[in-house]
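Undergrad: One structure, as structure tokens, below. Some questions next.
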Amino acid sequence: TTITFIEASGRKVEATVTGETTLMELAVAHDVEGVLADCGGACVCATCHCQLDASYSDTLGGPGPIEAMMLNELLNVSEQSRLACQIDLNAELDGLVVTIPPVEY
Ligand code: FES
């Protein structure tokens, strides 16, 4: 499974998933700029905000209630906004493109 991150600067980072991981952990492991993940994946910091390719919406489903509450606090949110720590990666997400919005914290 390969995931492509696009940083706010426009730089692209391709990452291959090996084993069980979340989208946030994958981004951090590849030094993707703008994914700070301050809370370590506990869904309380929103510093792992990202925007996901709309064509994967059905596979991904929507944000959970706590995640949605955290997203509401952010400025650069769109329908595609998610918190990367809440996304478990699997083979169905191969080819996913993830845009990292400019950091606002
Ligand atoms: Fe803190 Fe995702 S890492 S909310």
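How things are named: the first chain in the structure tokens is A, the next is B, and so on; residues count from 1 in each chain; ligands count from 1 in the order shown.
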For A:Asp31, find every residue with an atom within 12 Å (counting only C-alpha atoms), except residues of its own chain fewer than 4 positions away, and show them as number ranges by chain.

TA: A: 5-7, 11-15, 24-27, 35-37

Undergrad: Env of stretch 84-97 of chain A: 6 Å cut, atoms = only C-alpha atoms, seq-sep filter 2 positions within chain, self excluded. Answer as a compact mmCIF listing (two decimals) with C-alpha atoms, in the first residue's frame.

TA:
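As a result, selection-v2.txt now contains:
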# COMPACT_ATOMS: atom_id res chain seq x y z
CA THR A 1 0.00 0.00 0.00
CA THR A 2 1.45 3.32 -1.05
CA ILE A 3 0.29 6.67 0.27
CA THR A 4 1.32 10.04 -1.16
CA PHE A 5 1.50 13.07 1.12
CA THR A 22 -2.21 4.81 11.27
CA LEU A 23 -1.93 7.55 8.70
CA MET A 24 -0.43 9.82 11.38
CA GLY A 41 -2.64 9.79 18.48
CA CYS A 48 -2.40 15.76 12.61
CA ASP A 53 -8.64 12.38 -1.57

Undergrad: Looking only at helix (DSSP H, G or I) from DSSP on the backbone, list the matching residues of stretch 18-103 of chain A as a PDB file with C-alpha atoms, in the first residue's frame.

TA:
ATOM      1  CA  LEU A  23      -1.932   7.548   8.697  1.00  0.00           C
ATOM      2  CA  MET A  24      -0.432   9.820  11.382  1.00  0.00           C
ATOM      3  CA  GLU A  25       2.259   7.285  12.333  1.00  0.00           C
ATOM      4  CA  LEU A  26       3.171   6.836   8.678  1.00  0.00           C
ATOM      5  CA  ALA A  27       3.453  10.619   8.181  1.00  0.00           C
ATOM      6  CA  VAL A  28       5.614  11.035  11.279  1.00  0.00           C
ATOM      7  CA  ALA A  29       7.862   8.133  10.255  1.00  0.00           C
ATOM      8  CA  ALA A  54     -12.452  12.545  -2.025  1.00  0.00           C
ATOM      9  CA  SER A  55     -12.518   9.356  -4.104  1.00  0.00           C
ATOM     10  CA  TYR A  56     -11.745   7.349  -0.961  1.00  0.00           C
ATOM     11  CA  SER A  57     -14.642   8.788   1.087  1.00  0.00           C
ATOM     12  CA  ASP A  58     -16.700   5.583   0.902  1.00  0.00           C
ATOM     13  CA  THR A  59     -13.801   3.408   2.009  1.00  0.00           C
ATOM     14  CA  LEU A  60     -12.868   5.778   4.819  1.00  0.00           C
ATOM     15  CA  PRO A  65     -17.825  12.236  17.153  1.00  0.00           C
ATOM     16  CA  ILE A  66     -14.689  13.289  19.083  1.00  0.00           C
ATOM     17  CA  GLU A  67     -12.712  13.678  15.879  1.00  0.00           C
ATOM     18  CA  ALA A  68     -15.498  15.833  14.398  1.00  0.00           C
ATOM     19  CA  MET A  69     -15.474  18.012  17.511  1.00  0.00           C
ATOM     20  CA  MET A  70     -11.709  18.534  17.205  1.00  0.00           C
ATOM     21  CA  LEU A  71     -12.001  19.356  13.490  1.00  0.00           C
ATOM     22  CA  ASN A  72     -14.606  22.000  14.322  1.00  0.00           C
ATOM     23  CA  ALA A  84      -4.623  11.333  10.534  1.00  0.00           C
ATOM     24  CA  CYS A  85      -4.276   9.492  13.851  1.00  0.00           C
ATOM     25  CA  GLN A  86      -7.834   8.223  13.473  1.00  0.00           C
ATOM     26  CA  ALA A  91      -4.778  -2.318   1.466  1.00  0.00           C
ATOM     27  CA  GLU A  92      -7.994  -0.664   0.265  1.00  0.00           C
ATOM     28  CA  LEU A  93      -6.357   2.719   0.745  1.00  0.00           C
TER      29      LEU A  93
END

Undergrad: Atom 4 (S, counted along the ligand's line) of ligand 1 and atom CA of A:Cys50 are how many Å apart?

TA: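 Pair atom 4 (S, counted along the ligand's line) of ligand 1 / atom CA of A:Cys50 returns 10.7 Å.
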
Undergrad: Here is a test: counting only C-alpha atoms and all ligand atoms, which residue of A:Leu83, A:Gly34, A:Gly61, A:Gly19 is nearest to ligand 1?

TA: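 Once distances to ligand 1 are computed over only C-alpha atoms and all ligand atoms, the minimum belongs to A:Leu83.
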
Undergrad: Quick one: DSSP strand (DSSP E) residues in chain A, as a compact mmCIF listing (two decimals) with C-alpha atoms, in the first residue's frame?

TA:
# COMPACT_ATOMS: atom_id res chain seq x y z
CA THR A 2 1.45 3.32 -1.05
CA ILE A 3 0.29 6.67 0.27
CA THR A 4 1.32 10.04 -1.16
CA PHE A 5 1.50 13.07 1.12
CA ILE A 6 1.52 16.58 -0.32
CA LYS A 12 5.47 15.27 -2.29
CA VAL A 13 6.39 12.40 0.00
CA GLU A 14 5.64 8.82 -1.04
CA ALA A 15 5.34 6.31 1.76
CA THR A 16 4.91 2.56 1.66
CA HIS A 49 -5.07 17.46 10.49
CA CYS A 50 -5.01 16.41 6.85
CA GLN A 51 -7.26 16.40 3.82
CA LEU A 52 -7.96 13.15 2.04
CA SER A 81 -10.66 16.98 6.55
CA ARG A 82 -9.70 14.20 8.94
CA LEU A 83 -7.33 13.65 11.82
CA VAL A 97 -3.33 11.13 -1.72
CA VAL A 98 -3.20 13.14 1.51
CA THR A 99 -2.86 16.92 1.47

Undergrad: Please, what distance in Å, to one decimal, runs between atom CA of A:Thr21 and atom CA of A:Val44?

TA: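 Computing the Euclidean distance for atom CA of A:Thr21 and atom CA of A:Val44 yields 18.5 Å.
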